[in-house]
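The data block below is upload25.cif; it holds mmCIF, C-alpha atoms, pLDDT in the B column; chains and numbers go by the auth columns.
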```
data_work
loop_
_atom_site.group_PDB
_atom_site.id
_atom_site.type_symbol
_atom_site.label_atom_id
_atom_site.label_comp_id
_atom_site.label_asym_id
_atom_site.label_seq_id
_atom_site.Cartn_x
_atom_site.Cartn_y
_atom_site.Cartn_z
_atom_site.B_iso_or_equiv
_atom_site.auth_seq_id
_atom_site.auth_asym_id
ATOM 1 C CA GLU A 1 11.290 1.760 4.636 85.00 76 A
ATOM 2 C CA GLY A 2 8.621 3.125 6.963 86.00 77 A
ATOM 3 C CA MET A 3 6.954 4.854 4.015 89.00 78 A
ATOM 4 C CA LEU A 4 6.637 1.501 2.238 91.00 79 A
ATOM 5 C CA TRP A 5 5.035 -0.210 5.228 89.00 80 A
ATOM 6 C CA ASN A 6 2.588 2.690 5.667 91.00 81 A
ATOM 7 C CA THR A 7 1.610 2.533 1.983 92.00 82 A
ATOM 8 C CA MET A 8 1.089 -1.227 2.146 91.00 83 A
ATOM 9 C CA MET A 9 -1.083 -0.998 5.242 89.00 84 A
ATOM 10 C CA SER A 10 -3.156 1.924 3.941 93.00 85 A
ATOM 11 C CA GLU A 11 -3.841 0.301 0.547 93.00 86 A
ATOM 12 C CA CYS A 12 -4.400 -3.234 1.902 91.00 87 A
ATOM 13 C CA LYS A 13 -6.482 -2.927 5.054 87.00 88 A
ATOM 14 C CA ASP A 14 -8.002 -6.435 4.738 90.00 89 A
ATOM 15 C CA LEU A 15 -4.783 -8.483 4.511 89.00 90 A
ATOM 16 C CA VAL A 16 -4.719 -11.696 6.514 92.00 91 A
ATOM 17 C CA PRO A 17 -1.148 -12.365 7.658 89.00 92 A
ATOM 18 C CA ALA A 18 0.217 -15.885 7.125 90.00 93 A
ATOM 19 C CA ASP A 19 0.930 -17.972 10.208 86.00 94 A
ATOM 20 C CA PRO A 20 3.763 -17.481 10.815 84.00 95 A
ATOM 21 C CA CYS A 21 3.910 -14.117 9.094 85.00 96 A
ATOM 22 C CA LEU A 22 7.278 -13.048 7.741 86.00 97 A
ATOM 23 C CA ALA A 23 7.723 -9.320 7.161 87.00 98 A
ATOM 24 C CA ALA A 24 10.847 -8.251 5.317 89.00 99 A
ATOM 25 C CA ALA A 25 12.658 -5.439 3.564 88.00 100 A
ATOM 26 C CA GLU A 26 14.818 -6.308 0.559 90.00 101 A
ATOM 27 C CA PHE A 27 17.647 -3.877 -0.230 88.00 102 A
ATOM 28 C CA LEU A 28 18.213 -3.668 -3.997 90.00 103 A
ATOM 29 C CA ASP A 29 21.231 -1.348 -4.187 88.00 104 A
ATOM 30 C CA PRO A 30 24.502 -3.231 -4.837 82.00 105 A
ATOM 31 C CA GLU A 31 26.281 -1.261 -2.084 81.00 106 A
ATOM 32 C CA TYR A 32 25.370 0.507 1.159 78.00 107 A
ATOM 33 C CA LYS A 33 23.691 3.903 0.683 82.00 108 A
ATOM 34 C CA GLU A 34 22.579 6.549 3.212 82.00 109 A
ATOM 35 C CA GLU A 35 19.986 8.175 0.893 87.00 110 A
ATOM 36 C CA ASN A 36 17.748 7.266 -2.060 90.00 111 A
ATOM 37 C CA VAL A 37 17.845 3.607 -1.106 89.00 112 A
ATOM 38 C CA GLU A 38 15.934 1.216 -3.358 92.00 113 A
ATOM 39 C CA ILE A 39 13.879 -1.107 -1.138 91.00 114 A
ATOM 40 C CA ILE A 40 11.042 -3.594 -1.525 91.00 115 A
ATOM 41 C CA ALA A 41 8.977 -4.318 1.585 91.00 116 A
ATOM 42 C CA TRP A 42 7.051 -7.580 1.682 91.00 117 A
ATOM 43 C CA MET A 43 5.148 -9.837 4.022 91.00 118 A
ATOM 44 C CA THR A 44 3.614 -13.295 3.799 91.00 119 A
ATOM 45 C CA VAL A 45 -0.168 -13.390 3.670 94.00 120 A
ATOM 46 C CA SER A 46 -2.946 -15.972 3.546 93.00 121 A
ATOM 47 C CA GLY A 47 -5.377 -15.879 0.650 92.00 122 A
ATOM 48 C CA SER A 48 -5.430 -14.147 -2.706 92.00 123 A
ATOM 49 C CA TYR A 49 -5.600 -10.404 -3.259 93.00 124 A
ATOM 50 C CA ASN A 50 -5.822 -7.984 -6.163 94.00 125 A
ATOM 51 C CA ASP A 51 -2.915 -5.653 -6.825 95.00 126 A
ATOM 52 C CA THR A 52 -3.376 -2.027 -5.794 94.00 127 A
ATOM 53 C CA GLU A 53 -1.774 1.121 -7.175 94.00 128 A
ATOM 54 C CA HIS A 54 1.465 0.592 -5.228 93.00 129 A
ATOM 55 C CA VAL A 55 1.207 -2.972 -3.851 94.00 130 A
ATOM 56 C CA LYS A 56 1.752 -6.030 -6.040 94.00 131 A
ATOM 57 C CA PHE A 57 1.038 -9.594 -4.921 95.00 132 A
ATOM 58 C CA LYS A 58 3.260 -12.457 -6.057 92.00 133 A
ATOM 59 C CA THR A 59 4.759 -15.740 -4.943 89.00 134 A
ATOM 60 C CA LEU A 60 8.486 -15.484 -4.313 85.00 135 A
ATOM 61 C CA PRO A 61 10.823 -18.360 -5.183 87.00 136 A
ATOM 62 C CA GLU A 62 12.646 -20.320 -2.512 90.00 137 A
ATOM 63 C CA VAL A 63 16.166 -19.023 -1.912 93.00 138 A
ATOM 64 C CA LYS A 64 19.229 -20.390 -0.081 96.00 139 A
ATOM 65 C CA VAL A 65 20.602 -17.838 2.382 96.00 140 A
ATOM 66 C CA ALA A 66 23.334 -17.288 4.916 97.00 141 A
ATOM 67 C CA SER A 67 21.661 -15.559 7.831 96.00 142 A
ATOM 68 C CA CYS A 68 22.074 -14.434 11.393 96.00 143 A
ATOM 69 C CA ILE A 69 19.607 -13.437 14.086 97.00 144 A
ATOM 70 C CA ILE A 70 20.023 -10.068 15.783 97.00 145 A
ATOM 71 C CA LYS A 71 18.261 -9.622 19.115 98.00 146 A
ATOM 72 C CA GLY A 72 17.863 -6.001 20.117 97.00 147 A
ATOM 73 C CA SER A 73 18.270 -2.586 18.553 96.00 148 A
ATOM 74 C CA TYR A 74 18.788 -2.001 14.840 94.00 149 A
ATOM 75 C CA ASP A 75 22.091 -0.317 15.792 95.00 150 A
ATOM 76 C CA GLN A 76 23.646 -3.805 15.650 94.00 151 A
ATOM 77 C CA LEU A 77 22.745 -4.461 12.013 93.00 152 A
ATOM 78 C CA GLY A 78 25.949 -3.073 10.444 92.00 153 A
ATOM 79 C CA GLU A 79 28.171 -5.339 12.530 95.00 154 A
ATOM 80 C CA ALA A 80 25.905 -8.336 11.839 95.00 155 A
ATOM 81 C CA TYR A 81 26.030 -7.683 8.076 93.00 156 A
ATOM 82 C CA ALA A 82 29.837 -7.554 8.171 94.00 157 A
ATOM 83 C CA THR A 83 29.970 -10.816 10.139 95.00 158 A
ATOM 84 C CA VAL A 84 27.736 -12.660 7.659 96.00 159 A
ATOM 85 C CA ALA A 85 29.654 -11.244 4.670 94.00 160 A
ATOM 86 C CA SER A 86 32.915 -12.509 6.206 96.00 161 A
ATOM 87 C CA TRP A 87 31.386 -15.943 6.829 97.00 162 A
ATOM 88 C CA ILE A 88 30.162 -16.152 3.226 97.00 163 A
ATOM 89 C CA LYS A 89 33.643 -15.401 1.875 96.00 164 A
ATOM 90 C CA ALA A 90 35.461 -17.645 4.376 97.00 165 A
ATOM 91 C CA ASN A 91 33.225 -20.611 3.522 97.00 166 A
ATOM 92 C CA GLY A 92 33.536 -20.410 -0.267 97.00 167 A
ATOM 93 C CA TYR A 93 30.086 -19.034 -1.068 97.00 168 A
ATOM 94 C CA LYS A 94 29.215 -16.000 -3.121 95.00 169 A
ATOM 95 C CA MET A 95 26.267 -13.644 -2.888 94.00 170 A
ATOM 96 C CA ASN A 96 23.462 -14.375 -5.327 92.00 171 A
ATOM 97 C CA GLY A 97 20.941 -11.537 -5.049 90.00 172 A
ATOM 98 C CA PRO A 98 20.008 -8.623 -2.806 89.00 173 A
ATOM 99 C CA MET A 99 20.127 -9.064 0.959 91.00 174 A
ATOM 100 C CA PHE A 100 16.969 -8.747 3.018 91.00 175 A
ATOM 101 C CA ASN A 101 15.919 -8.509 6.645 92.00 176 A
ATOM 102 C CA ILE A 102 13.082 -10.549 8.106 92.00 177 A
ATOM 103 C CA TYR A 103 11.512 -8.766 11.061 92.00 178 A
ATOM 104 C CA HIS A 104 10.397 -11.479 13.492 92.00 179 A
ATOM 105 C CA VAL A 105 9.725 -8.911 16.242 93.00 180 A
ATOM 106 C CA SER A 106 9.598 -5.304 15.047 91.00 181 A
ATOM 107 C CA PRO A 107 8.080 -1.937 15.980 90.00 182 A
ATOM 108 C CA ALA A 108 4.769 -3.436 14.826 85.00 183 A
ATOM 109 C CA GLN A 109 4.871 -5.750 17.875 90.00 184 A
ATOM 110 C CA THR A 110 6.807 -3.735 20.477 95.00 185 A
ATOM 111 C CA GLN A 111 8.095 -0.222 21.063 95.00 186 A
ATOM 112 C CA ASN A 112 11.068 -1.566 23.057 97.00 187 A
ATOM 113 C CA PRO A 113 14.117 -1.870 20.738 96.00 188 A
ATOM 114 C CA ASP A 114 15.688 -4.377 23.145 97.00 189 A
ATOM 115 C CA GLU A 115 12.906 -6.823 22.176 97.00 190 A
ATOM 116 C CA TYR A 116 13.403 -6.613 18.379 97.00 191 A
ATOM 117 C CA VAL A 117 14.375 -9.837 16.600 96.00 192 A
ATOM 118 C CA THR A 118 15.713 -9.373 13.068 95.00 193 A
ATOM 119 C CA GLU A 119 17.084 -12.009 10.709 95.00 194 A
ATOM 120 C CA ALA A 120 19.624 -10.649 8.218 95.00 195 A
ATOM 121 C CA CYS A 121 19.550 -12.842 5.099 94.00 196 A
ATOM 122 C CA PHE A 122 22.065 -12.933 2.255 95.00 197 A
ATOM 123 C CA PRO A 123 21.179 -15.103 -0.775 96.00 198 A
ATOM 124 C CA ILE A 124 24.134 -17.355 -1.606 97.00 199 A
ATOM 125 C CA GLU A 125 25.345 -19.980 -4.047 96.00 200 A
#
```
Please go through the file and, once you have read it, give me the structure as structure tokens.
Amino acid sequence: EGMLWNTMMSECKDLVPADPCLAAAEFLDPEYKEENVEIIAWMTVSGSYNDTEHVKFKTLPEVKVASCIIKGSYDQLGEAYATVASWIKANGYKMNGPMFNIYHVSPAQTQNPDEYVTEACFPIE
């Protein structure tokens, strides 16, 4: 994931973040993987930009999600994912697309993991 963010920032130095700016990573694999994970990193921006070699600009459709907010270290993400998945099943929904994390407060804003704020989002129907 870090490689994606570095590529985006190196190829798009003049981006103007939207206000508020949402930065997210979308996990495309149908199940959890430790290696060779397929990920798309994205962020909301203001203005129009030309695509680069590795960065493509597009408008994403609105999506209904079940989500939860995790305050603190990324070590909590696995438990949060399991909790949301259980809620989805218990409430009669089904997943409808790859899950993604929105990083409200990330290493880009603070080096203290206790201050991270991550929203785990699972598209549902």
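Take the candidates A:Pro173, A:Gly147, A:Pro92, A:Gly153 and check each one against Ile114 of chain A using only C-alpha atoms; the shortest distance goes to A:Pro173.
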Emit as lines of an AutoDock Vina configuration file the padded axis-aligned box for all listed atoms of segment 182-199 of chain A, 8 Å per side, with centre and edge lengths in Å to one decimal.
```
center_x = 14.5
center_y = -8.8
center_z = 10.8
size_x = 35.4
size_y = 33.1
size_z = 40.8
```
- Task: Would you mind listing what lies within 10 Å of segment 82-90 of chain A as a count of residues only, with only C-alpha atoms counted and same-chain residues fewer than 4 positions away left out?
- Result: 18
- Message: Just to confirm, what's the straight-line distance from atom CA of Val140 of chain A to atom CA of Asn81 of chain A in Å (one decimal)?
- Response: 27.5 Å
- Around (14.4, -11.6, 13.5) in the file's frame, which residues reach within 8 Å when counting all atoms listed in the file? Return as a count of residues only? 13
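Distances from A:Thr158, A:Asp150, A:Thr134, A:Pro105 to Asp189 of chain A were compared using only C-alpha atoms, and the smallest one belongs to A:Asp150.
Nearest-residue note for Tyr107 of chain A: choosing from A:Ala165, A:Ile199, A:Val91, A:Ala157, the minimum distance belongs to A:Ala157, counting only C-alpha atoms.
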- Work out how far atom CA of Pro198 of chain A is from atom CA of Ala141 of chain A, in Å to one decimal.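 Atom CA of Pro198 of chain A lies at a distance of 6.5 Å from atom CA of Ala141 of chain A.
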- Counting only C-alpha atoms, the residue of A:Leu79, A:Tyr149, A:Pro95, A:Glu110 that sits nearest Ser181 of chain A: A:Tyr149
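Minimum atom-to-atom distances from A:Ala93, A:Glu200, A:Glu76, A:Phe175 to Tyr156 of chain A were compared using all atoms listed in the file, and the lowest value belongs to A:Phe175.
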- Query: Any idea what the distance is between atom CA of Cys96 of chain A and atom CA of Phe197 of chain A?
  - Reply: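 Here the two named atoms are 19.4 Å from each other.
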- Message: Using all atoms listed in the file, can you tell me which of A:Glu137, A:Ser148, A:Ala160, A:Asn187 comes closest to Met174 of chain A?
- Response: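 The closest residue to Met174 of chain A is A:Ala160.
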